[in-house]
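Have a look at target-v6.cif below; it lists mmCIF, C-alpha atoms.
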data_final
#
loop_
_atom_site.group_PDB
_atom_site.id
_atom_site.type_symbol
_atom_site.label_atom_id
_atom_site.label_comp_id
_atom_site.auth_asym_id
_atom_site.auth_seq_id
_atom_site.Cartn_x
_atom_site.Cartn_y
_atom_site.Cartn_z
ATOM 1 C CA MET S 1 36.213 10.686 4.886
ATOM 2 C CA ASP S 2 35.580 8.649 1.749
ATOM 3 C CA ALA S 3 32.297 8.473 -0.142
ATOM 4 C CA THR S 4 31.217 5.102 1.288
ATOM 5 C CA SER S 5 31.387 6.168 4.918
ATOM 6 C CA ALA S 6 29.640 9.434 4.050
ATOM 7 C CA ALA S 7 26.832 7.405 2.485
ATOM 8 C CA TYR S 8 26.518 5.324 5.668
ATOM 9 C CA ILE S 9 26.307 8.511 7.749
ATOM 10 C CA GLY S 10 23.623 9.787 5.376
ATOM 11 C CA MET S 11 21.661 6.556 5.799
ATOM 12 C CA GLY S 12 21.836 7.045 9.546
ATOM 13 C CA LEU S 13 20.636 10.618 9.222
ATOM 14 C CA CYS S 14 17.599 9.362 7.307
ATOM 15 C CA ALA S 15 16.377 7.944 10.606
ATOM 16 C CA ALA S 16 15.713 11.551 11.660
ATOM 17 C CA GLY S 17 12.716 11.399 9.333
ATOM 18 C CA PHE S 18 10.989 9.091 11.821
ATOM 19 C CA PHE S 19 10.827 11.989 14.297
ATOM 20 C CA GLY S 20 8.144 13.766 12.306
ATOM 21 C CA ALA S 21 6.128 10.596 11.755
ATOM 22 C CA ALA S 22 6.283 9.833 15.485
ATOM 23 C CA ILE S 23 4.791 13.236 16.284
ATOM 24 C CA GLY S 24 2.152 12.754 13.591
ATOM 25 C CA ILE S 25 1.062 9.310 14.784
ATOM 26 C CA ALA S 26 0.992 10.500 18.392
ATOM 27 C CA TYR S 27 -1.251 13.389 17.374
ATOM 28 C CA ILE S 28 -3.620 11.150 15.431
ATOM 29 C CA PHE S 29 -4.117 8.687 18.257
ATOM 30 C CA ALA S 30 -4.283 11.365 20.942
ATOM 31 C CA LYS S 31 -7.019 13.190 19.058
ATOM 32 C CA THR S 32 -8.853 9.941 18.322
ATOM 33 C CA ILE S 33 -8.864 8.942 21.973
ATOM 34 C CA GLU S 34 -10.007 12.420 22.932
ATOM 35 C CA THR S 35 -12.822 12.338 20.369
ATOM 36 C CA VAL S 36 -13.993 8.890 21.422
ATOM 37 C CA GLY S 37 -13.904 10.019 25.023
ATOM 38 C CA ARG S 38 -16.148 12.966 24.214
ATOM 39 C CA GLN S 39 -18.516 11.043 21.945
ATOM 40 C CA PRO S 40 -18.263 7.279 22.470
ATOM 41 C CA ASN S 41 -20.940 6.409 19.879
ATOM 42 C CA ALA S 42 -18.852 7.981 17.094
ATOM 43 C CA GLU S 43 -16.098 5.431 17.635
ATOM 44 C CA ALA S 44 -16.629 3.352 14.481
ATOM 45 C CA ARG S 45 -16.529 6.358 12.156
ATOM 46 C CA VAL S 46 -13.599 8.015 13.904
ATOM 47 C CA ALA S 47 -11.580 4.808 14.050
ATOM 48 C CA LYS S 48 -11.827 4.406 10.266
ATOM 49 C CA TYR S 49 -10.330 7.810 9.590
ATOM 50 C CA CYS S 50 -7.831 7.229 12.386
ATOM 51 C CA TRP S 51 -6.446 4.161 10.623
ATOM 52 C CA ILE S 52 -6.361 5.911 7.251
ATOM 53 C CA GLY S 53 -4.446 8.795 8.802
ATOM 54 C CA PHE S 54 -2.154 6.401 10.622
ATOM 55 C CA ALA S 55 -1.216 4.613 7.410
ATOM 56 C CA LEU S 56 -0.695 7.868 5.528
ATOM 57 C CA VAL S 57 1.607 9.274 8.212
ATOM 58 C CA GLU S 58 3.476 6.000 8.585
ATOM 59 C CA ALA S 59 4.131 5.961 4.858
ATOM 60 C CA ILE S 60 5.886 9.318 5.113
ATOM 61 C CA ALA S 61 8.345 7.826 7.587
ATOM 62 C CA LEU S 62 8.935 5.026 5.114
ATOM 63 C CA TYR S 63 9.822 7.524 2.383
ATOM 64 C CA ALA S 64 12.865 8.277 4.558
ATOM 65 C CA LEU S 65 13.631 4.559 4.490
ATOM 66 C CA VAL S 66 13.372 4.559 0.696
ATOM 67 C CA ILE S 67 15.847 7.457 0.548
ATOM 68 C CA ALA S 68 18.163 5.474 2.819
ATOM 69 C CA PHE S 69 17.987 2.549 0.369
ATOM 70 C CA ILE S 70 18.650 4.881 -2.562
ATOM 71 C CA ILE S 71 21.884 6.237 -1.090
ATOM 72 C CA MET S 72 22.994 2.820 0.177
ATOM 73 C CA PRO S 73 26.512 2.185 -1.193
ATOM 74 C CA MET O 1 26.229 -5.144 1.132
ATOM 75 C CA ALA O 2 24.955 -7.808 -1.241
ATOM 76 C CA ASP O 3 26.412 -10.668 0.772
ATOM 77 C CA LYS O 4 24.360 -13.453 2.309
ATOM 78 C CA GLU O 5 23.979 -11.638 5.644
ATOM 79 C CA SER O 6 22.216 -8.557 4.286
ATOM 80 C CA PRO O 7 18.602 -8.140 5.460
ATOM 81 C CA LEU O 8 17.696 -7.192 1.898
ATOM 82 C CA HIS O 9 18.945 -10.519 0.610
ATOM 83 C CA HIS O 10 15.525 -12.140 0.457
ATOM 84 C CA PHE O 11 14.246 -9.501 -1.970
ATOM 85 C CA GLU O 12 16.626 -10.726 -4.672
ATOM 86 C CA LEU O 13 15.038 -12.686 -7.494
ATOM 87 C CA HIS O 14 16.671 -15.610 -9.222
ATOM 88 C CA PRO O 15 15.111 -17.230 -12.284
ATOM 89 C CA ILE O 16 13.721 -20.725 -11.703
ATOM 90 C CA ILE O 17 12.964 -21.416 -15.376
ATOM 91 C CA ASP O 18 14.969 -19.380 -17.892
ATOM 92 C CA ILE O 19 12.912 -18.025 -20.772
ATOM 93 C CA HIS O 20 14.467 -15.566 -23.192
ATOM 94 C CA LEU O 21 12.408 -14.396 -26.156
ATOM 95 C CA GLY O 22 14.362 -12.059 -28.403
ATOM 96 C CA GLY O 23 15.840 -9.429 -26.123
ATOM 97 C CA LEU O 24 13.132 -9.953 -23.494
ATOM 98 C CA ASP O 25 13.822 -11.714 -20.221
ATOM 99 C CA LEU O 26 10.623 -13.615 -19.426
ATOM 100 C CA SER O 27 12.122 -15.945 -16.838
ATOM 101 C CA ILE O 28 9.804 -17.505 -14.293
ATOM 102 C CA ASN O 29 10.909 -16.571 -10.782
ATOM 103 C CA LYS O 30 9.515 -16.618 -7.261
ATOM 104 C CA ALA O 31 7.696 -13.294 -7.679
ATOM 105 C CA ILE O 32 5.788 -14.480 -10.723
ATOM 106 C CA ILE O 33 4.784 -17.720 -9.008
ATOM 107 C CA ALA O 34 3.620 -15.748 -5.955
ATOM 108 C CA MET O 35 1.556 -13.516 -8.244
ATOM 109 C CA TRP O 36 -0.009 -16.547 -9.938
ATOM 110 C CA ILE O 37 -0.886 -18.008 -6.541
ATOM 111 C CA GLY O 38 -2.437 -14.681 -5.540
ATOM 112 C CA MET O 39 -4.560 -14.652 -8.686
ATOM 113 C CA ALA O 40 -5.559 -18.271 -8.168
ATOM 114 C CA VAL O 41 -6.601 -17.605 -4.564
ATOM 115 C CA VAL O 42 -8.726 -14.584 -5.527
ATOM 116 C CA TYR O 43 -10.286 -16.435 -8.478
ATOM 117 C CA GLY O 44 -10.873 -19.586 -6.467
ATOM 118 C CA LEU O 45 -12.442 -17.721 -3.555
ATOM 119 C CA PHE O 46 -14.803 -15.610 -5.592
ATOM 120 C CA MET O 47 -15.580 -17.696 -8.662
ATOM 121 C CA VAL O 48 -15.572 -21.204 -7.225
ATOM 122 C CA VAL O 49 -16.705 -20.646 -3.639
ATOM 123 C CA GLY O 50 -18.481 -17.291 -3.816
ATOM 124 C CA LYS O 51 -20.339 -17.580 -7.109
ATOM 125 C CA ASN O 52 -20.726 -21.116 -8.385
ATOM 126 C CA GLY O 53 -20.731 -22.848 -5.016
ATOM 127 C CA ALA O 54 -22.980 -20.280 -3.365
ATOM 128 C CA SER O 55 -25.938 -21.612 -1.405
ATOM 129 C CA MET O 56 -29.005 -19.924 0.028
ATOM 130 C CA ILE O 57 -27.776 -20.517 3.559
ATOM 131 C CA PRO O 58 -24.229 -19.120 3.502
ATOM 132 C CA GLY O 59 -21.487 -20.983 5.277
ATOM 133 C CA LYS O 60 -18.643 -19.321 7.143
ATOM 134 C CA LEU O 61 -16.498 -18.672 4.058
ATOM 135 C CA GLN O 62 -19.379 -17.443 1.945
ATOM 136 C CA SER O 63 -20.594 -15.010 4.612
ATOM 137 C CA MET O 64 -17.049 -13.693 4.976
ATOM 138 C CA LEU O 65 -16.811 -13.087 1.228
ATOM 139 C CA GLU O 66 -20.217 -11.427 1.114
ATOM 140 C CA MET O 67 -19.389 -9.209 4.080
ATOM 141 C CA SER O 68 -16.108 -8.126 2.542
ATOM 142 C CA LEU O 69 -17.845 -7.314 -0.745
ATOM 143 C CA GLU O 70 -20.450 -5.279 1.139
ATOM 144 C CA PHE O 71 -17.584 -3.443 2.814
ATOM 145 C CA ILE O 72 -16.016 -2.559 -0.539
ATOM 146 C CA LYS O 73 -19.433 -1.535 -1.843
ATOM 147 C CA GLY O 74 -19.880 0.864 1.066
ATOM 148 C CA MET O 75 -16.443 2.314 0.420
ATOM 149 C CA VAL O 76 -17.187 2.892 -3.294
ATOM 150 C CA LYS O 77 -20.561 4.493 -2.440
ATOM 151 C CA GLU O 78 -18.999 6.756 0.147
ATOM 152 C CA PHE O 79 -16.082 8.082 -1.902
ATOM 153 C CA ILE O 80 -17.351 8.021 -5.502
ATOM 154 C CA GLY O 81 -21.108 8.227 -5.118
ATOM 155 C CA ASP O 82 -23.916 6.253 -6.672
ATOM 156 C CA GLU O 83 -22.542 6.432 -10.211
ATOM 157 C CA GLY O 84 -19.351 4.865 -8.889
ATOM 158 C CA MET O 85 -20.895 1.382 -8.942
ATOM 159 C CA LYS O 86 -19.503 1.071 -12.494
ATOM 160 C CA TYR O 87 -16.048 0.919 -10.927
ATOM 161 C CA PHE O 88 -17.005 -1.502 -8.145
ATOM 162 C CA ASN O 89 -15.603 -4.505 -10.033
ATOM 163 C CA PHE O 90 -12.271 -2.803 -10.600
ATOM 164 C CA VAL O 91 -11.913 -1.537 -7.027
ATOM 165 C CA GLY O 92 -12.955 -4.874 -5.539
ATOM 166 C CA THR O 93 -10.516 -6.843 -7.673
ATOM 167 C CA LEU O 94 -7.739 -4.411 -6.817
ATOM 168 C CA PHE O 95 -8.414 -4.710 -3.085
ATOM 169 C CA PHE O 96 -8.534 -8.493 -2.957
ATOM 170 C CA PHE O 97 -5.558 -8.963 -5.255
ATOM 171 C CA ILE O 98 -3.352 -6.602 -3.225
ATOM 172 C CA LEU O 99 -4.583 -8.126 0.036
ATOM 173 C CA CYS O 100 -3.869 -11.683 -1.144
ATOM 174 C CA CYS O 101 -0.411 -10.723 -2.409
ATOM 175 C CA ASN O 102 0.425 -8.948 0.861
ATOM 176 C CA LEU O 103 -0.731 -11.906 2.950
ATOM 177 C CA ILE O 104 0.943 -14.547 0.767
ATOM 178 C CA GLY O 105 4.215 -12.691 1.295
ATOM 179 C CA LEU O 106 3.998 -13.347 5.035
ATOM 180 C CA ILE O 107 4.189 -17.125 4.547
ATOM 181 C CA PRO O 108 7.843 -18.065 5.117
ATOM 182 C CA GLY O 109 9.631 -18.965 1.904
ATOM 183 C CA SER O 110 7.213 -17.171 -0.378
ATOM 184 C CA TYR O 111 7.614 -13.761 -1.936
ATOM 185 C CA THR O 112 5.796 -10.424 -1.548
ATOM 186 C CA ILE O 113 5.288 -9.083 -5.036
ATOM 187 C CA THR O 114 3.985 -5.793 -3.643
ATOM 188 C CA SER O 115 7.492 -5.203 -2.263
ATOM 189 C CA GLN O 116 8.604 -4.597 -5.846
ATOM 190 C CA LEU O 117 8.235 -0.993 -7.013
ATOM 191 C CA VAL O 118 7.555 -2.184 -10.559
ATOM 192 C CA VAL O 119 4.347 -3.960 -9.457
ATOM 193 C CA THR O 120 2.929 -1.140 -7.335
ATOM 194 C CA GLY O 121 4.110 1.416 -9.897
ATOM 195 C CA THR O 122 2.182 -0.391 -12.622
ATOM 196 C CA PHE O 123 -0.971 -0.364 -10.473
ATOM 197 C CA ALA O 124 -0.552 3.343 -9.717
ATOM 198 C CA VAL O 125 0.141 4.367 -13.314
ATOM 199 C CA ILE O 126 -2.857 2.364 -14.564
ATOM 200 C CA ILE O 127 -5.068 4.070 -11.959
ATOM 201 C CA PHE O 128 -3.670 7.505 -12.852
ATOM 202 C CA VAL O 129 -4.227 7.060 -16.595
ATOM 203 C CA MET O 130 -7.679 5.622 -15.866
ATOM 204 C CA THR O 131 -8.696 8.661 -13.812
ATOM 205 C CA LEU O 132 -7.540 10.970 -16.623
ATOM 206 C CA ILE O 133 -9.528 8.998 -19.203
ATOM 207 C CA ILE O 134 -12.645 8.919 -17.004
ATOM 208 C CA GLY O 135 -12.416 12.655 -16.335
ATOM 209 C CA ILE O 136 -11.860 13.677 -19.951
ATOM 210 C CA SER O 137 -14.545 11.367 -21.345
ATOM 211 C CA LYS O 138 -17.050 12.571 -18.752
ATOM 212 C CA HIS O 139 -16.399 16.320 -18.710
ATOM 213 C CA GLY O 140 -14.551 16.975 -21.985
ATOM 214 C CA GLY O 141 -12.562 20.224 -21.980
ATOM 215 C CA HIS O 142 -14.255 21.294 -18.768
ATOM 216 C CA PHE O 143 -12.204 18.598 -17.021
ATOM 217 C CA PHE O 144 -9.206 20.916 -16.752
ATOM 218 C CA SER O 145 -11.066 23.068 -14.247
ATOM 219 C CA ILE O 146 -9.878 20.436 -11.744
ATOM 220 C CA LEU O 147 -6.573 22.334 -11.829
ATOM 221 C CA VAL O 148 -8.222 25.436 -10.312
ATOM 222 C CA PRO O 149 -9.516 24.910 -6.780
ATOM 223 C CA PRO O 150 -12.911 26.510 -6.103
ATOM 224 C CA GLY O 151 -12.958 29.905 -4.444
ATOM 225 C CA VAL O 152 -9.514 30.943 -5.615
ATOM 226 C CA PRO O 153 -9.223 34.637 -6.631
ATOM 227 C CA LYS O 154 -8.435 35.178 -10.322
ATOM 228 C CA ILE O 155 -5.050 36.715 -9.579
ATOM 229 C CA MET O 156 -3.883 33.521 -7.845
ATOM 230 C CA ILE O 157 -4.714 31.199 -10.759
ATOM 231 C CA PRO O 158 -1.263 31.349 -12.445
ATOM 232 C CA VAL O 159 0.265 30.281 -9.109
ATOM 233 C CA MET O 160 -2.269 27.601 -8.252
ATOM 234 C CA VAL O 161 -2.283 25.759 -11.581
ATOM 235 C CA PRO O 162 1.375 24.592 -11.437
ATOM 236 C CA ILE O 163 0.917 23.550 -7.793
ATOM 237 C CA GLU O 164 -2.179 21.530 -8.698
ATOM 238 C CA ILE O 165 -0.378 19.919 -11.655
ATOM 239 C CA ILE O 166 2.474 18.886 -9.376
ATOM 240 C CA SER O 167 0.076 17.502 -6.783
ATOM 241 C CA MET O 168 -1.734 15.542 -9.525
ATOM 242 C CA LEU O 169 1.546 14.070 -10.755
ATOM 243 C CA ALA O 170 2.660 13.253 -7.206
ATOM 244 C CA ARG O 171 -0.415 11.049 -6.665
ATOM 245 C CA PRO O 172 0.757 7.937 -8.559
ATOM 246 C CA ILE O 173 4.244 8.295 -7.048
ATOM 247 C CA SER O 174 3.006 8.499 -3.471
ATOM 248 C CA LEU O 175 0.420 5.766 -4.096
ATOM 249 C CA SER O 176 3.024 3.307 -5.374
ATOM 250 C CA VAL O 177 5.849 4.216 -3.002
ATOM 251 C CA ARG O 178 3.544 3.953 0.030
ATOM 252 C CA LEU O 179 2.610 0.323 -0.609
ATOM 253 C CA PHE O 180 6.112 -0.646 -1.753
ATOM 254 C CA ALA O 181 7.846 1.011 1.211
ATOM 255 C CA ASN O 182 5.457 -0.470 3.766
ATOM 256 C CA MET O 183 5.939 -4.002 2.494
ATOM 257 C CA THR O 184 9.709 -3.670 2.061
ATOM 258 C CA ALA O 185 10.136 -2.100 5.490
ATOM 259 C CA GLY O 186 8.087 -4.742 7.261
ATOM 260 C CA HIS O 187 9.978 -7.624 5.714
ATOM 261 C CA THR O 188 13.327 -5.930 6.319
ATOM 262 C CA VAL O 189 12.481 -5.454 9.990
ATOM 263 C CA LEU O 190 11.512 -9.145 10.214
ATOM 264 C CA ALA O 191 14.781 -10.166 8.539
ATOM 265 C CA VAL O 192 16.838 -7.949 10.862
ATOM 266 C CA LEU O 193 15.100 -9.369 13.949
ATOM 267 C CA PHE O 194 15.591 -12.953 12.778
ATOM 268 C CA GLY O 195 19.248 -12.162 12.090
ATOM 269 C CA LEU O 196 19.631 -10.756 15.601
ATOM 270 C CA GLY O 197 17.896 -13.745 17.117
ATOM 271 C CA LEU O 198 20.080 -16.228 15.268
ATOM 272 C CA SER O 199 23.375 -14.452 15.917
ATOM 273 C CA ALA O 200 22.768 -13.576 19.581
ATOM 274 C CA PRO O 201 23.815 -15.997 22.349
ATOM 275 C CA MET O 202 21.115 -18.300 23.698
ATOM 276 C CA TRP O 203 20.414 -16.405 26.962
ATOM 277 C CA ILE O 204 19.283 -13.254 25.085
ATOM 278 C CA GLY O 205 18.422 -14.673 21.662
ATOM 279 C CA TRP O 206 14.812 -15.466 22.622
ATOM 280 C CA LEU O 207 14.080 -11.742 22.892
ATOM 281 C CA PRO O 208 14.361 -10.793 19.189
ATOM 282 C CA LEU O 209 12.724 -14.082 18.199
ATOM 283 C CA GLY O 210 9.776 -13.222 20.440
ATOM 284 C CA PHE O 211 9.599 -9.801 18.846
ATOM 285 C CA THR O 212 9.283 -11.393 15.406
ATOM 286 C CA VAL O 213 5.978 -12.921 16.538
ATOM 287 C CA ILE O 214 4.655 -9.487 17.531
ATOM 288 C CA ILE O 215 5.973 -7.880 14.338
ATOM 289 C CA ASN O 216 4.339 -10.660 12.304
ATOM 290 C CA GLY O 217 1.001 -9.773 13.874
ATOM 291 C CA LEU O 218 1.633 -6.120 13.065
ATOM 292 C CA GLU O 219 2.527 -7.096 9.509
ATOM 293 C CA ILE O 220 -0.809 -8.875 9.043
ATOM 294 C CA ALA O 221 -2.560 -5.691 10.199
ATOM 295 C CA ILE O 222 -0.353 -3.571 7.908
ATOM 296 C CA ALA O 223 -1.121 -5.862 4.951
ATOM 297 C CA VAL O 224 -4.864 -5.328 5.421
ATOM 298 C CA ILE O 225 -4.572 -1.606 6.174
ATOM 299 C CA GLN O 226 -2.345 -0.928 3.174
ATOM 300 C CA ALA O 227 -4.662 -2.777 0.798
ATOM 301 C CA TYR O 228 -7.523 -0.735 2.282
ATOM 302 C CA ILE O 229 -5.597 2.556 1.946
ATOM 303 C CA PHE O 230 -4.628 1.773 -1.632
ATOM 304 C CA THR O 231 -8.211 1.102 -2.698
ATOM 305 C CA THR O 232 -9.576 4.007 -0.642
ATOM 306 C CA LEU O 233 -7.213 6.417 -2.350
ATOM 307 C CA THR O 234 -8.122 4.897 -5.724
ATOM 308 C CA CYS O 235 -11.780 5.605 -4.918
ATOM 309 C CA VAL O 236 -10.916 9.144 -3.790
ATOM 310 C CA TYR O 237 -9.010 9.839 -7.010
ATOM 311 C CA ILE O 238 -11.802 8.437 -9.203
ATOM 312 C CA GLY O 239 -14.368 10.392 -7.181
ATOM 313 C CA ASP O 240 -12.303 13.567 -7.605
ATOM 314 C CA VAL O 241 -12.390 13.444 -11.399
ATOM 315 C CA ILE O 242 -16.087 12.490 -11.469
ATOM 316 C CA LYS O 243 -17.258 15.232 -9.104
ATOM 317 C CA LEU O 244 -14.637 17.902 -10.033
ATOM 318 C CA HIS O 245 -14.440 19.273 -6.446
#
Represent the supplied structure as structure tokens.
Amino acid sequence: MDATSAAYIGMGLCAAGFFGAAIGIAYIFAKTIETVGRQPNAEARVAKYCWIGFALVEAIALYALVIAFIIMP
Amino acid sequence: MADKESPLHHFELHPIIDIHLGGLDLSINKAIIAMWIGMAVVYGLFMVVGKNGASMIPGKLQSMLEMSLEFIKGMVKEFIGDEGMKYFNFVGTLFFFILCCNLIGLIPGSYTITSQLVVTGTFAVIIFVMTLIIGISKHGGHFFSILVPPGVPKIMIPVMVPIEIISMLARPISLSVRLFANMTAGHTVLAVLFGLGLSAPMWIGWLPLGFTVIINGLEIAIAVIQAYIFTTLTCVYIGDVIKLH
């Protein structure tokens, strides 16, 4: 296997990083829905932190994308 | 990979007007024009419409501007505190400039300057140096107690200080890479979907083209959320060095 094809395989493996972000985003929204269900009048406050957390977790998945770009042949 | 078909092709910059001063390459390209348009939009909205053209009975545009400024004001108050109003101008400008640049990038044919690491990196480094200057000028030598979290036993201090230094230094990196990666990823996904839609046969090609509409809507949301996250984290970092835990 030459270096170029190994780099392509590595780029593919970077997609595994999305697994963790998927779990994280699922957790955030599950907990948000649960919280709003328990206390509907707290929705505005909870939703704000929900979106901040969503963007922070999503960015971690995109770090994997950046690594994929870095090793792109 | 750098051929015409690559989804990263539209991030390449080609000079429109060549300017070379000494060894410096100051060519005008699409990114610079997009940045100028962003500045002009922010200036025009706030100086021409929001300040000089303001009337007692606000119209639709003026109420929108005032509401968004109130929103930023609430954010600054919440994360920095009352003495944070000094930094309201900076945070507000940062938010609207990043937001305008993100949204301008979604117009076909234009360019997203926040998809360049050099732009977001400059923002992040300026914010990082600014927080250091604010902290040192406010607290003097006492500022370095930020490196020791409260309630840590004395024996753990030699372990905690390097960890805190690393986490401080990671802030500008994560701040810049987050915005850059979000913008780059969104536009790459759009380019890939358009490529699929154009290369697929007619009976299935409508599917990826339809998805681009949905992804465009998501991208508008991401543009707003990322500008919000960037300024929120700026406020959190400034608040950190002002309050020292």
Taking a cut-off of 12 Å and counting all atoms listed in the file, can you build a table that, for each residue of chain O near chain S, reports the nearest atom pair and how far apart they are in Å (one decimal), sorted by chain then residue number, as CSV?
residue,atom,partner,partner_atom,distance
O:Met1,CA,S:Pro73,CA,7.7
O:Ala2,CA,S:Pro73,CA,10.1
O:Pro7,CA,S:Phe69,CA,11.9
O:Leu8,CA,S:Phe69,CA,9.9
O:Met75,CA,S:Lys48,CA,11.1
O:Ser115,CA,S:Val66,CA,11.8
O:Leu117,CA,S:Val66,CA,10.8
O:Ile173,CA,S:Tyr63,CA,11.0
O:Ser174,CA,S:Ala59,CA,8.8
O:Leu175,CA,S:Ala59,CA,9.7
O:Ser176,CA,S:Ala59,CA,10.6
O:Val177,CA,S:Tyr63,CA,7.5
O:Arg178,CA,S:Ala59,CA,5.3
O:Leu179,CA,S:Ala59,CA,8.0
O:Phe180,CA,S:Val66,CA,9.3
O:Ala181,CA,S:Leu62,CA,5.7
O:Asn182,CA,S:Leu62,CA,6.6
O:Met183,CA,S:Leu62,CA,9.9
O:Thr184,CA,S:Val66,CA,9.1
O:Ala185,CA,S:Leu62,CA,7.2
O:Gly186,CA,S:Leu62,CA,10.0
O:Thr188,CA,S:Leu65,CA,10.7
O:Val189,CA,S:Leu65,CA,11.5
O:Ala221,CA,S:Trp51,CA,10.6
O:Ile222,CA,S:Ala55,CA,8.2
O:Ala223,CA,S:Ala55,CA,10.8
O:Val224,CA,S:Ala55,CA,10.8
O:Ile225,CA,S:Ala55,CA,7.2
O:Gln226,CA,S:Ala55,CA,7.1
O:Ala227,CA,S:Ala55,CA,10.5
O:Tyr228,CA,S:Ile52,CA,8.4
O:Ile229,CA,S:Ile52,CA,6.3
O:Phe230,CA,S:Ile52,CA,10.0
O:Thr231,CA,S:Ile52,CA,11.2
O:Thr232,CA,S:Ile52,CA,8.7
O:Leu233,CA,S:Ile52,CA,9.7
Find the residues around O:Ile16 up to 10 Å (only C-alpha atoms counted), leave out those fewer than 6 positions away in its own chain, and share them as a list in words.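 Surrounding residues, per the criterion: Ser27, Ile28, Asn29, Lys30 and Ile33 of chain O.
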Between O:Ile32, O:Ile220, O:Leu207, O:Ile72, which one has atoms that come closest to O:Asn102, using all atoms listed in the file?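 Closest candidate: O:Ile220.
Between atom CA of O:Val49 and atom CA of O:Phe97 lies a distance of 16.2 Å.
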Residue contacts of stretch 235-243 of chain O (7 Å, all atoms listed in the file) excluding same-chain residues fewer than 3 positions away, as a VMD selection string: chain O and resid 76 79 to 80 131 135 231 to 232
In Å to one decimal, how far is atom CA of O:Met85 from atom CA of S:Ala42?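 For atom CA of S:Ala42 relative to atom CA of O:Met85, the distance reads 26.9 Å.
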Please, what distance in Å, to one decimal, runs between atom CA of O:Phe144 and atom CA of O:Met156? 16.3 Å
For O:Met35, list every protein, DNA or RNA residue within 10 Å, evaluated using only C-alpha atoms, and leave out those in the same chain fewer than 5 positions away; present the list as an mmCIF file with C-alpha atoms, in the frame of the given file.
data_model
loop_
_atom_site.group_PDB
_atom_site.id
_atom_site.type_symbol
_atom_site.label_atom_id
_atom_site.label_comp_id
_atom_site.auth_asym_id
_atom_site.auth_seq_id
_atom_site.Cartn_x
_atom_site.Cartn_y
_atom_site.Cartn_z
ATOM 1 C CA LYS O 30 9.515 -16.618 -7.261
ATOM 2 C CA ALA O 40 -5.559 -18.271 -8.168
ATOM 3 C CA VAL O 41 -6.601 -17.605 -4.564
ATOM 4 C CA PHE O 97 -5.558 -8.963 -5.255
ATOM 5 C CA ILE O 98 -3.352 -6.602 -3.225
ATOM 6 C CA CYS O 100 -3.869 -11.683 -1.144
ATOM 7 C CA CYS O 101 -0.411 -10.723 -2.409
ATOM 8 C CA ILE O 104 0.943 -14.547 0.767
ATOM 9 C CA GLY O 105 4.215 -12.691 1.295
ATOM 10 C CA TYR O 111 7.614 -13.761 -1.936
ATOM 11 C CA THR O 112 5.796 -10.424 -1.548
ATOM 12 C CA ILE O 113 5.288 -9.083 -5.036
ATOM 13 C CA THR O 114 3.985 -5.793 -3.643
#
What does the PyMOL selection byres ((chain S and resi 29-33) around 9) select in this file, as a list in words? Gly24, Ile25, Ala26, Tyr27, Ile28, Glu34, Thr35, Val36, Gly37, Arg38, Glu43, Val46, Ala47, Cys50 and Phe54 of chain S
Could you tell me which residues the PyMOL selection byres ((chain O and resi 125) around 12) grabs in this file, written as a PyMOL selection string? chain O and resi 117-124+126-132+168-177+234
Near S:Cys14, counting all atoms listed in the file, which residues have an atom at most 9 Å away, once you skip same-chain residues fewer than 3 positions from it, shown as a VMD selection string? chain S and resid 9 to 11 17 to 18 64 to 65 67 to 68
Where does the PyMOL selection byres ((chain O and resi 61-70) around 8) land in this file, that is, which residues does it pick, as a ChimeraX atom specification? /O:45-46,49-50,54,58-60,71-74,92
